[in-house]
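J.: This structure is in structure tokens; I'll ask about it shortly.
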Amino acid sequence: MEYVNQRVAQEAAKDPSDIYTGLVTPLNIILVVVTLYTTYLLFKPSPPATLPREPPATVFRTFTPRTLLPYNGTNGMPVFLAVRGRVFDVTSGRNFYGPGGPYENFAGRDASRGLAFHSFAEDMLTKDLDGPLDNLEGLGPEEYESLQGWEERFLSKYMVVGKLVAQGDA
């Protein structure tokens, strides 16, 4: 019992400022810091909302076979192709119509005859870029129906950005 009395006397003799007393304890300091940080996170100003950018406006243009040719997806250009005089922006289908795609030979060209015959052959494309447009002579009812199906598919998926005319009509 002597030890307990001695220990109580030692504690009573200590300076009260040496001991954490009242509100200033390590636990209370940690709780205040956590509370302040949480409050900051709840009420901090949020960055302004960013709106998605609109795609650039597309101007309806008149193309000739020669002016349509650069729009084949190379050198960062968009991918355009023509079907029955309408020029479609098929850039969103670049993996099909752009470089390396299965329909890449139609990019920047009049694809009407090739689509009608379901042929990717080079002889389906107009050779003379300064001559008259392909009047689709020699197409039978099945080919016209096929071409109309392709045209409807393009109209539903892609935007018309112009019309294709012969060099002399531009």
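Every chain in the structure tokens takes a letter, A first, then B, and so on in the order presented; its residues are numbered from 1, and the ligands are numbered from 1 following the presented order.
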Go through segment 15-144 of chain A and collect every residue that DSSP, computed from the backbone, puts in strand (DSSP E); the answer should be as a list of chain:residue names.

T.: A:Arg61, A:Thr62, A:Phe63, A:Phe80, A:Leu81, A:Ala82, A:Val83, A:Arg86, A:Val87, A:Phe88, A:Asp89

J.: Excluding Arg153 of chain A and any residue of its chain fewer than 6 positions from it, enumerate the residues within 12 Å of it, using only C-alpha atoms, and give them as a VMD selection string.

T.: chain A and resid 83 88 90 115 146 to 147 159

J.: Can those selected residues be exported to a file as a tab-separated table (two decimals), in the first residue's frame so that it contains C-alpha atoms?

T.:
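Dumped to result-v5.tsv:
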chain	number	residue	atom	x	y	z
A	83	VAL	CA	-23.17	6.43	-104.52
A	88	PHE	CA	-21.32	10.35	-98.11
A	90	VAL	CA	-18.11	7.48	-94.09
A	115	LEU	CA	-21.49	-1.86	-104.81
A	146	SER	CA	-28.55	-4.15	-104.63
A	147	LEU	CA	-27.38	-0.59	-105.28
A	159	MET	CA	-24.27	12.06	-93.61

J.: For Tyr144 of chain A, which residue out of A:Ser156, A:Ser112, A:Thr62, A:Thr74 is the nearest one, using only C-alpha atoms?

T.: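 That would be A:Ser112, the residue with the smallest distance to Tyr144 of chain A.
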
J.: Going by DSSP on the backbone, which bits of segment 31-71 of chain A are helix (DSSP H, G or I)? Write them as a list in words, please.

T.: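 Secondary structure check on segment 31-71 of chain A, helix (DSSP H, G or I): Leu31, Val32, Val33, Val34, Thr35, Leu36, Tyr37, Thr38, Thr39, Tyr40, Leu41, Leu42, Phe43, Pro65, Arg66, Thr67 and Leu68 of chain A.
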
J.: Write out the residues from the selection above, keeping all heavy atoms, as a short mmCIF file (atom, residue, chain, number, x, y, z; two decimals), in the first residue's frame.

T.:
data_model
loop_
_atom_site.label_atom_id
_atom_site.label_comp_id
_atom_site.auth_asym_id
_atom_site.auth_seq_id
_atom_site.Cartn_x
_atom_site.Cartn_y
_atom_site.Cartn_z
N LEU A 31 -9.29 13.74 -34.50
CA LEU A 31 -10.70 13.87 -34.88
C LEU A 31 -11.01 15.22 -35.51
O LEU A 31 -11.75 15.32 -36.48
CB LEU A 31 -11.60 13.64 -33.65
CG LEU A 31 -11.69 12.21 -33.15
CD1 LEU A 31 -12.48 12.14 -31.85
CD2 LEU A 31 -12.31 11.32 -34.20
N VAL A 32 -10.41 16.29 -34.99
CA VAL A 32 -10.62 17.62 -35.55
C VAL A 32 -10.04 17.69 -36.97
O VAL A 32 -10.67 18.22 -37.89
CB VAL A 32 -10.01 18.71 -34.64
CG1 VAL A 32 -9.91 20.04 -35.36
CG2 VAL A 32 -10.82 18.85 -33.37
N VAL A 33 -8.85 17.14 -37.17
CA VAL A 33 -8.23 17.15 -38.50
C VAL A 33 -9.08 16.37 -39.50
O VAL A 33 -9.34 16.83 -40.62
CB VAL A 33 -6.79 16.61 -38.43
CG1 VAL A 33 -6.24 16.35 -39.83
CG2 VAL A 33 -5.89 17.57 -37.67
N VAL A 34 -9.55 15.19 -39.11
CA VAL A 34 -10.38 14.37 -40.00
C VAL A 34 -11.69 15.09 -40.31
O VAL A 34 -12.16 15.11 -41.46
CB VAL A 34 -10.63 12.98 -39.37
CG1 VAL A 34 -11.72 12.22 -40.11
CG2 VAL A 34 -9.34 12.18 -39.35
N THR A 35 -12.30 15.72 -39.31
CA THR A 35 -13.55 16.45 -39.52
C THR A 35 -13.35 17.64 -40.47
O THR A 35 -14.15 17.86 -41.38
CB THR A 35 -14.11 16.94 -38.17
OG1 THR A 35 -14.29 15.81 -37.31
CG2 THR A 35 -15.43 17.65 -38.36
N LEU A 36 -12.27 18.39 -40.28
CA LEU A 36 -12.00 19.52 -41.16
C LEU A 36 -11.74 19.06 -42.60
O LEU A 36 -12.24 19.67 -43.55
CB LEU A 36 -10.81 20.33 -40.63
CG LEU A 36 -11.07 21.15 -39.36
CD1 LEU A 36 -9.77 21.78 -38.88
CD2 LEU A 36 -12.12 22.20 -39.61
N TYR A 37 -10.98 18.00 -42.76
CA TYR A 37 -10.69 17.49 -44.10
C TYR A 37 -11.96 17.00 -44.79
O TYR A 37 -12.19 17.27 -45.97
CB TYR A 37 -9.64 16.37 -44.01
CG TYR A 37 -9.25 15.81 -45.35
CD1 TYR A 37 -8.50 16.57 -46.24
CD2 TYR A 37 -9.65 14.54 -45.74
CE1 TYR A 37 -8.15 16.07 -47.49
CE2 TYR A 37 -9.30 14.03 -46.98
CZ TYR A 37 -8.55 14.80 -47.85
OH TYR A 37 -8.21 14.30 -49.07
N THR A 38 -12.81 16.27 -44.07
CA THR A 38 -14.06 15.78 -44.64
C THR A 38 -14.97 16.94 -45.03
O THR A 38 -15.59 16.94 -46.10
CB THR A 38 -14.77 14.85 -43.64
OG1 THR A 38 -13.88 13.80 -43.26
CG2 THR A 38 -16.04 14.27 -44.23
N THR A 39 -15.04 17.97 -44.20
CA THR A 39 -15.84 19.15 -44.50
C THR A 39 -15.31 19.85 -45.75
O THR A 39 -16.08 20.27 -46.61
CB THR A 39 -15.85 20.12 -43.31
OG1 THR A 39 -16.29 19.41 -42.14
CG2 THR A 39 -16.74 21.31 -43.55
N TYR A 40 -14.00 19.94 -45.85
CA TYR A 40 -13.40 20.55 -47.04
C TYR A 40 -13.78 19.78 -48.30
O TYR A 40 -14.14 20.36 -49.31
CB TYR A 40 -11.87 20.60 -46.88
CG TYR A 40 -11.16 20.94 -48.17
CD1 TYR A 40 -11.18 22.24 -48.67
CD2 TYR A 40 -10.50 19.96 -48.89
CE1 TYR A 40 -10.54 22.54 -49.86
CE2 TYR A 40 -9.87 20.26 -50.08
CZ TYR A 40 -9.89 21.55 -50.56
OH TYR A 40 -9.28 21.85 -51.75
N LEU A 41 -13.68 18.45 -48.23
CA LEU A 41 -14.02 17.64 -49.40
C LEU A 41 -15.48 17.81 -49.80
O LEU A 41 -15.82 17.80 -50.99
CB LEU A 41 -13.72 16.17 -49.15
CG LEU A 41 -12.24 15.78 -49.09
CD1 LEU A 41 -12.11 14.29 -48.79
CD2 LEU A 41 -11.53 16.13 -50.38
N LEU A 42 -16.37 17.94 -48.83
CA LEU A 42 -17.79 18.09 -49.14
C LEU A 42 -18.11 19.44 -49.77
O LEU A 42 -18.99 19.54 -50.62
CB LEU A 42 -18.62 17.90 -47.86
CG LEU A 42 -18.72 16.47 -47.33
CD1 LEU A 42 -19.45 16.45 -46.00
CD2 LEU A 42 -19.44 15.59 -48.34
N PHE A 43 -17.44 20.48 -49.33
CA PHE A 43 -17.80 21.82 -49.76
C PHE A 43 -16.80 22.50 -50.70
O PHE A 43 -16.98 23.66 -51.02
CB PHE A 43 -18.02 22.72 -48.53
CG PHE A 43 -19.18 22.27 -47.69
CD1 PHE A 43 -18.98 21.71 -46.45
CD2 PHE A 43 -20.48 22.38 -48.17
CE1 PHE A 43 -20.05 21.30 -45.68
CE2 PHE A 43 -21.55 21.96 -47.41
CZ PHE A 43 -21.34 21.41 -46.16
N PRO A 65 -14.98 13.93 -109.69
CA PRO A 65 -14.18 12.75 -109.33
C PRO A 65 -12.77 13.11 -108.88
O PRO A 65 -12.22 12.49 -107.96
CB PRO A 65 -14.18 11.93 -110.62
CG PRO A 65 -15.48 12.27 -111.27
CD PRO A 65 -15.68 13.73 -110.98
N ARG A 66 -12.16 14.13 -109.50
CA ARG A 66 -10.80 14.51 -109.13
C ARG A 66 -10.76 15.19 -107.75
O ARG A 66 -9.84 14.96 -106.98
CB ARG A 66 -10.20 15.42 -110.20
CG ARG A 66 -8.72 15.64 -109.98
CD ARG A 66 -8.01 16.19 -111.19
NE ARG A 66 -8.03 15.37 -112.39
CZ ARG A 66 -7.31 14.27 -112.58
NH1 ARG A 66 -6.49 13.86 -111.64
NH2 ARG A 66 -7.38 13.59 -113.70
N THR A 67 -11.76 16.03 -107.42
CA THR A 67 -11.74 16.70 -106.11
C THR A 67 -12.19 15.76 -104.99
O THR A 67 -11.90 16.01 -103.83
CB THR A 67 -12.64 17.96 -106.11
OG1 THR A 67 -13.99 17.59 -106.42
CG2 THR A 67 -12.13 18.99 -107.10
N LEU A 68 -12.88 14.68 -105.34
CA LEU A 68 -13.29 13.69 -104.33
C LEU A 68 -12.14 12.75 -103.97
O LEU A 68 -12.07 12.25 -102.84
CB LEU A 68 -14.48 12.89 -104.86
CG LEU A 68 -15.08 11.83 -103.95
CD1 LEU A 68 -15.64 12.46 -102.68
CD2 LEU A 68 -16.18 11.07 -104.68
#

J.: Taking only C-alpha atoms into account, which of A:Asp128, A:Glu11, A:Glu152, A:Glu2 comes nearest Arg86 of chain A?

T.: A:Glu152

J.: I'd like the neighbourhood of Leu136 of chain A as a PDB file with C-alpha atoms, in the first residue's frame, where a residue qualifies if any of its atoms comes within 9 Å (using only C-alpha atoms), though same-chain residues fewer than 2 positions away should be ignored.

T.:
ATOM      1  CA  ARG A  84     -25.429   7.479-107.422  1.00  0.00           C
ATOM      2  CA  SER A 112     -21.936   2.840-107.356  1.00  0.00           C
ATOM      3  CA  ARG A 113     -20.983   0.162-109.892  1.00  0.00           C
ATOM      4  CA  LEU A 133     -19.670  10.018-114.649  1.00  0.00           C
ATOM      5  CA  ASP A 134     -20.641   6.360-114.789  1.00  0.00           C
ATOM      6  CA  GLY A 138     -25.482  -2.522-118.106  1.00  0.00           C
ATOM      7  CA  LEU A 139     -26.965  -2.927-114.624  1.00  0.00           C
TER       8      LEU A 139
END

J.: Looking at only C-alpha atoms, which of A:Asn105, A:Gln10, A:Thr64, A:Thr58 is the one that sits closest to Pro132 of chain A?

T.: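 The closest residue to Pro132 of chain A is A:Thr64.
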